[in-house]
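A quick write-up on the structure given underneath.
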Amino acid sequence: MGGLSRDRGFNAMCGTTCVATMLEGGHAENALPQRARATVNCRMLPNDSPAEVEQTLRRVAGESVTVTVSYPP
């Protein structure tokens, strides 16, 4: 890792980034949630493939997680 990639601010401008912007889970404060939901916002560079970004999210999330694209790029 070198140069600009060491600085988080510059690193975010030099590559595609995905971040969870909303989280939902559970129905009561004293009960474990049976389900959870996260909205993930990705800011992609123009040359990055949306399909590859989606594939990476699916791989990172794991098989037990459903990934749905709400707003196609």
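Going through the structure tokens in order, the chains are called A, B, and so on, while each chain numbers its residues from 1 and the ligands are numbered from 1 in the order shown.
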- Name the residues in contact with stretch 16-32 of chain A at a cut-off of 7 Å, using only C-alpha atoms, excluding same-chain residues fewer than 4 positions from it; report them as a ChimeraX atom specification. /A:12,36-45
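Among the residues of chain A, backbone DSSP assigns alpha helix (DSSP H) to Arg8, Gly9, Phe10, Asn11, Ala12, Met13, Pro50, Ala51, Glu52, Val53, Glu54, Gln55, Thr56, Leu57, Arg58, Arg59, Val60 and Ala61 of chain A.
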Since we have the selection now, will you write its residues out, keeping all heavy atoms, as a tab-separated table (two decimals), in the first residue's frame?
```tsv
chain	number	residue	atom	x	y	z
A	8	ARG	N	-7.06	7.87	3.93
A	8	ARG	CA	-8.45	7.43	3.71
A	8	ARG	C	-9.23	8.35	2.78
A	8	ARG	O	-10.01	7.89	1.97
A	8	ARG	CB	-9.18	7.30	5.04
A	8	ARG	CG	-8.81	6.09	5.79
A	8	ARG	CD	-9.78	5.90	6.92
A	8	ARG	NE	-9.04	5.79	8.16
A	8	ARG	CZ	-9.60	5.63	9.32
A	8	ARG	NH1	-10.90	5.60	9.41
A	8	ARG	NH2	-8.88	5.53	10.40
A	9	GLY	N	-9.03	9.64	2.92
A	9	GLY	CA	-9.75	10.59	2.06
A	9	GLY	C	-9.39	10.43	0.61
A	9	GLY	O	-10.26	10.37	-0.26
A	10	PHE	N	-8.11	10.34	0.32
A	10	PHE	CA	-7.68	10.15	-1.06
A	10	PHE	C	-8.03	8.75	-1.57
A	10	PHE	O	-8.41	8.57	-2.71
A	10	PHE	CB	-6.18	10.40	-1.22
A	10	PHE	CG	-5.81	11.85	-1.21
A	10	PHE	CD1	-4.99	12.37	-0.23
A	10	PHE	CD2	-6.30	12.70	-2.20
A	10	PHE	CE1	-4.66	13.71	-0.22
A	10	PHE	CE2	-5.98	14.04	-2.20
A	10	PHE	CZ	-5.16	14.55	-1.21
A	11	ASN	N	-7.91	7.76	-0.70
A	11	ASN	CA	-8.22	6.39	-1.10
A	11	ASN	C	-9.68	6.27	-1.55
A	11	ASN	O	-9.97	5.59	-2.53
A	11	ASN	CB	-7.94	5.42	0.05
A	11	ASN	CG	-8.02	3.98	-0.38
A	11	ASN	OD1	-7.59	3.62	-1.46
A	11	ASN	ND2	-8.57	3.14	0.47
A	12	ALA	N	-10.59	6.95	-0.86
A	12	ALA	CA	-12.00	6.91	-1.22
A	12	ALA	C	-12.25	7.55	-2.58
A	12	ALA	O	-13.20	7.21	-3.27
A	12	ALA	CB	-12.84	7.61	-0.16
A	13	MET	N	-11.40	8.48	-2.98
A	13	MET	CA	-11.57	9.14	-4.28
A	13	MET	C	-10.88	8.36	-5.40
A	13	MET	O	-11.10	8.65	-6.57
A	13	MET	CB	-11.00	10.56	-4.23
A	13	MET	CG	-11.82	11.50	-3.37
A	13	MET	SD	-11.24	13.19	-3.46
A	13	MET	CE	-9.90	13.18	-2.28
A	50	PRO	N	-20.42	-2.49	-12.82
A	50	PRO	CA	-21.45	-2.68	-11.78
A	50	PRO	C	-21.66	-4.15	-11.44
A	50	PRO	O	-21.86	-4.50	-10.27
A	50	PRO	CB	-22.70	-2.08	-12.40
A	50	PRO	CG	-22.19	-1.07	-13.39
A	50	PRO	CD	-20.93	-1.68	-13.93
A	51	ALA	N	-21.57	-5.02	-12.43
A	51	ALA	CA	-21.75	-6.45	-12.18
A	51	ALA	C	-20.64	-7.00	-11.28
A	51	ALA	O	-20.90	-7.83	-10.40
A	51	ALA	CB	-21.79	-7.21	-13.50
A	52	GLU	N	-19.41	-6.53	-11.47
A	52	GLU	CA	-18.30	-6.99	-10.63
A	52	GLU	C	-18.44	-6.48	-9.20
A	52	GLU	O	-18.13	-7.19	-8.24
A	52	GLU	CB	-16.97	-6.56	-11.22
A	52	GLU	CG	-16.57	-7.35	-12.44
A	52	GLU	CD	-15.22	-6.94	-13.00
A	52	GLU	OE1	-14.42	-6.35	-12.25
A	52	GLU	OE2	-14.98	-7.22	-14.18
A	53	VAL	N	-18.91	-5.24	-9.04
A	53	VAL	CA	-19.12	-4.69	-7.70
A	53	VAL	C	-20.21	-5.49	-6.99
A	53	VAL	O	-20.06	-5.88	-5.83
A	53	VAL	CB	-19.48	-3.19	-7.76
A	53	VAL	CG1	-19.89	-2.66	-6.39
A	53	VAL	CG2	-18.31	-2.38	-8.32
A	54	GLU	N	-21.30	-5.79	-7.69
A	54	GLU	CA	-22.38	-6.60	-7.11
A	54	GLU	C	-21.87	-7.99	-6.74
A	54	GLU	O	-22.18	-8.51	-5.66
A	54	GLU	CB	-23.54	-6.70	-8.09
A	54	GLU	CG	-24.71	-7.49	-7.56
A	54	GLU	CD	-25.85	-7.61	-8.54
A	54	GLU	OE1	-25.89	-6.85	-9.54
A	54	GLU	OE2	-26.72	-8.46	-8.30
A	55	GLN	N	-21.07	-8.59	-7.60
A	55	GLN	CA	-20.51	-9.92	-7.33
A	55	GLN	C	-19.62	-9.89	-6.09
A	55	GLN	O	-19.67	-10.80	-5.26
A	55	GLN	CB	-19.73	-10.40	-8.55
A	55	GLN	CG	-19.21	-11.80	-8.44
A	55	GLN	CD	-18.49	-12.24	-9.71
A	55	GLN	OE1	-18.01	-11.42	-10.49
A	55	GLN	NE2	-18.42	-13.54	-9.90
A	56	THR	N	-18.83	-8.84	-5.94
A	56	THR	CA	-17.98	-8.71	-4.76
A	56	THR	C	-18.82	-8.58	-3.49
A	56	THR	O	-18.52	-9.20	-2.47
A	56	THR	CB	-17.04	-7.49	-4.91
A	56	THR	OG1	-16.21	-7.69	-6.06
A	56	THR	CG2	-16.18	-7.29	-3.67
A	57	LEU	N	-19.90	-7.78	-3.55
A	57	LEU	CA	-20.78	-7.64	-2.39
A	57	LEU	C	-21.40	-8.98	-2.01
A	57	LEU	O	-21.48	-9.32	-0.84
A	57	LEU	CB	-21.88	-6.61	-2.67
A	57	LEU	CG	-21.45	-5.15	-2.67
A	57	LEU	CD1	-22.60	-4.27	-3.14
A	57	LEU	CD2	-20.97	-4.72	-1.29
A	58	ARG	N	-21.83	-9.75	-3.02
A	58	ARG	CA	-22.42	-11.06	-2.75
A	58	ARG	C	-21.39	-12.00	-2.10
A	58	ARG	O	-21.71	-12.72	-1.15
A	58	ARG	CB	-22.95	-11.69	-4.03
A	58	ARG	CG	-24.19	-11.02	-4.57
A	58	ARG	CD	-24.67	-11.69	-5.86
A	58	ARG	NE	-25.72	-10.92	-6.48
A	58	ARG	CZ	-26.99	-10.94	-6.09
A	58	ARG	NH1	-27.35	-11.71	-5.09
A	58	ARG	NH2	-27.88	-10.19	-6.71
A	59	ARG	N	-20.16	-11.97	-2.59
A	59	ARG	CA	-19.11	-12.82	-2.05
A	59	ARG	C	-18.79	-12.44	-0.61
A	59	ARG	O	-18.68	-13.30	0.27
A	59	ARG	CB	-17.85	-12.72	-2.92
A	59	ARG	CG	-16.71	-13.59	-2.44
A	59	ARG	CD	-15.50	-13.53	-3.38
A	59	ARG	NE	-15.11	-12.20	-3.78
A	59	ARG	CZ	-14.40	-11.34	-3.04
A	59	ARG	NH1	-14.02	-11.69	-1.82
A	59	ARG	NH2	-14.07	-10.15	-3.50
A	60	VAL	N	-18.67	-11.14	-0.34
A	60	VAL	CA	-18.34	-10.67	1.00
A	60	VAL	C	-19.47	-10.94	1.98
A	60	VAL	O	-19.24	-11.31	3.13
A	60	VAL	CB	-17.99	-9.16	0.96
A	60	VAL	CG1	-17.88	-8.58	2.35
A	60	VAL	CG2	-16.71	-8.93	0.18
A	61	ALA	N	-20.72	-10.77	1.53
A	61	ALA	CA	-21.87	-10.95	2.41
A	61	ALA	C	-22.08	-12.42	2.78
A	61	ALA	O	-22.56	-12.73	3.87
A	61	ALA	CB	-23.13	-10.40	1.75
```
- Query: What does the distance from atom CA of A:Asn47 to atom CA of A:Pro72 come to in Å, to one decimal?
  - Reply: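 Spanning atom CA of A:Asn47 to atom CA of A:Pro72 is a straight-line distance of 15.7 Å.
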- Message: Considering only strand (DSSP E or B) as DSSP defines it on the backbone, what residues of chain A qualify? List them as a VMD selection string.
- Response: chain A and resid 17 to 25 36 to 43
Write the residues of the selection above to a file with N, CA, C and O atoms, as a short mmCIF file (atom, residue, chain, number, x, y, z; two decimals), in the first residue's frame.
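Output saved as again_34.cif:
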```cif
data_model
loop_
_atom_site.label_atom_id
_atom_site.label_comp_id
_atom_site.auth_asym_id
_atom_site.auth_seq_id
_atom_site.Cartn_x
_atom_site.Cartn_y
_atom_site.Cartn_z
N THR A 17 -16.10 2.62 -3.57
CA THR A 17 -16.34 2.42 -2.14
C THR A 17 -17.80 2.03 -1.93
O THR A 17 -18.69 2.51 -2.64
N CYS A 18 -18.04 1.16 -0.97
CA CYS A 18 -19.40 0.76 -0.59
C CYS A 18 -19.50 0.88 0.93
O CYS A 18 -18.61 0.42 1.65
N VAL A 19 -20.58 1.48 1.39
CA VAL A 19 -20.75 1.68 2.83
C VAL A 19 -22.22 1.46 3.20
O VAL A 19 -23.12 1.83 2.45
N ALA A 20 -22.45 0.83 4.35
CA ALA A 20 -23.81 0.65 4.86
C ALA A 20 -24.32 2.00 5.36
O ALA A 20 -23.72 2.60 6.23
N THR A 21 -25.40 2.48 4.77
CA THR A 21 -25.94 3.78 5.15
C THR A 21 -27.18 3.67 6.03
O THR A 21 -27.56 4.64 6.69
N MET A 22 -27.84 2.50 6.03
CA MET A 22 -29.01 2.28 6.89
C MET A 22 -28.99 0.83 7.37
O MET A 22 -28.68 -0.07 6.61
N LEU A 23 -29.35 0.65 8.65
CA LEU A 23 -29.44 -0.68 9.23
C LEU A 23 -30.79 -0.85 9.90
O LEU A 23 -31.28 0.08 10.54
N GLU A 24 -31.40 -2.03 9.76
CA GLU A 24 -32.67 -2.34 10.41
C GLU A 24 -32.56 -3.74 11.01
O GLU A 24 -31.92 -4.61 10.41
N GLY A 25 -33.20 -3.97 12.14
CA GLY A 25 -33.22 -5.31 12.71
C GLY A 25 -34.05 -5.35 13.96
O GLY A 25 -34.10 -4.40 14.73
N ALA A 36 -32.33 -9.11 9.67
CA ALA A 36 -31.66 -7.81 9.65
C ALA A 36 -31.57 -7.35 8.21
O ALA A 36 -31.58 -8.16 7.29
N ARG A 37 -31.50 -6.05 8.04
CA ARG A 37 -31.45 -5.48 6.70
C ARG A 37 -30.46 -4.32 6.71
O ARG A 37 -30.40 -3.54 7.66
N ALA A 38 -29.67 -4.22 5.65
CA ALA A 38 -28.73 -3.11 5.50
C ALA A 38 -28.87 -2.53 4.11
O ALA A 38 -29.01 -3.26 3.13
N THR A 39 -28.87 -1.22 4.03
CA THR A 39 -28.82 -0.53 2.74
C THR A 39 -27.36 -0.13 2.54
O THR A 39 -26.76 0.52 3.39
N VAL A 40 -26.80 -0.56 1.42
CA VAL A 40 -25.40 -0.29 1.12
C VAL A 40 -25.34 0.62 -0.10
O VAL A 40 -25.92 0.33 -1.14
N ASN A 41 -24.65 1.73 0.06
CA ASN A 41 -24.49 2.70 -1.03
C ASN A 41 -23.08 2.53 -1.60
O ASN A 41 -22.10 2.59 -0.85
N CYS A 42 -23.00 2.33 -2.91
CA CYS A 42 -21.70 2.19 -3.57
C CYS A 42 -21.47 3.38 -4.49
O CYS A 42 -22.35 3.74 -5.26
N ARG A 43 -20.31 3.96 -4.37
CA ARG A 43 -19.88 5.02 -5.28
C ARG A 43 -18.79 4.43 -6.14
O ARG A 43 -17.71 4.12 -5.65
#
```
- In Å, with one decimal, what is the gap from atom CA of A:Thr66 to atom CA of A:Pro33?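 These two atoms are separated by 16.5 Å.
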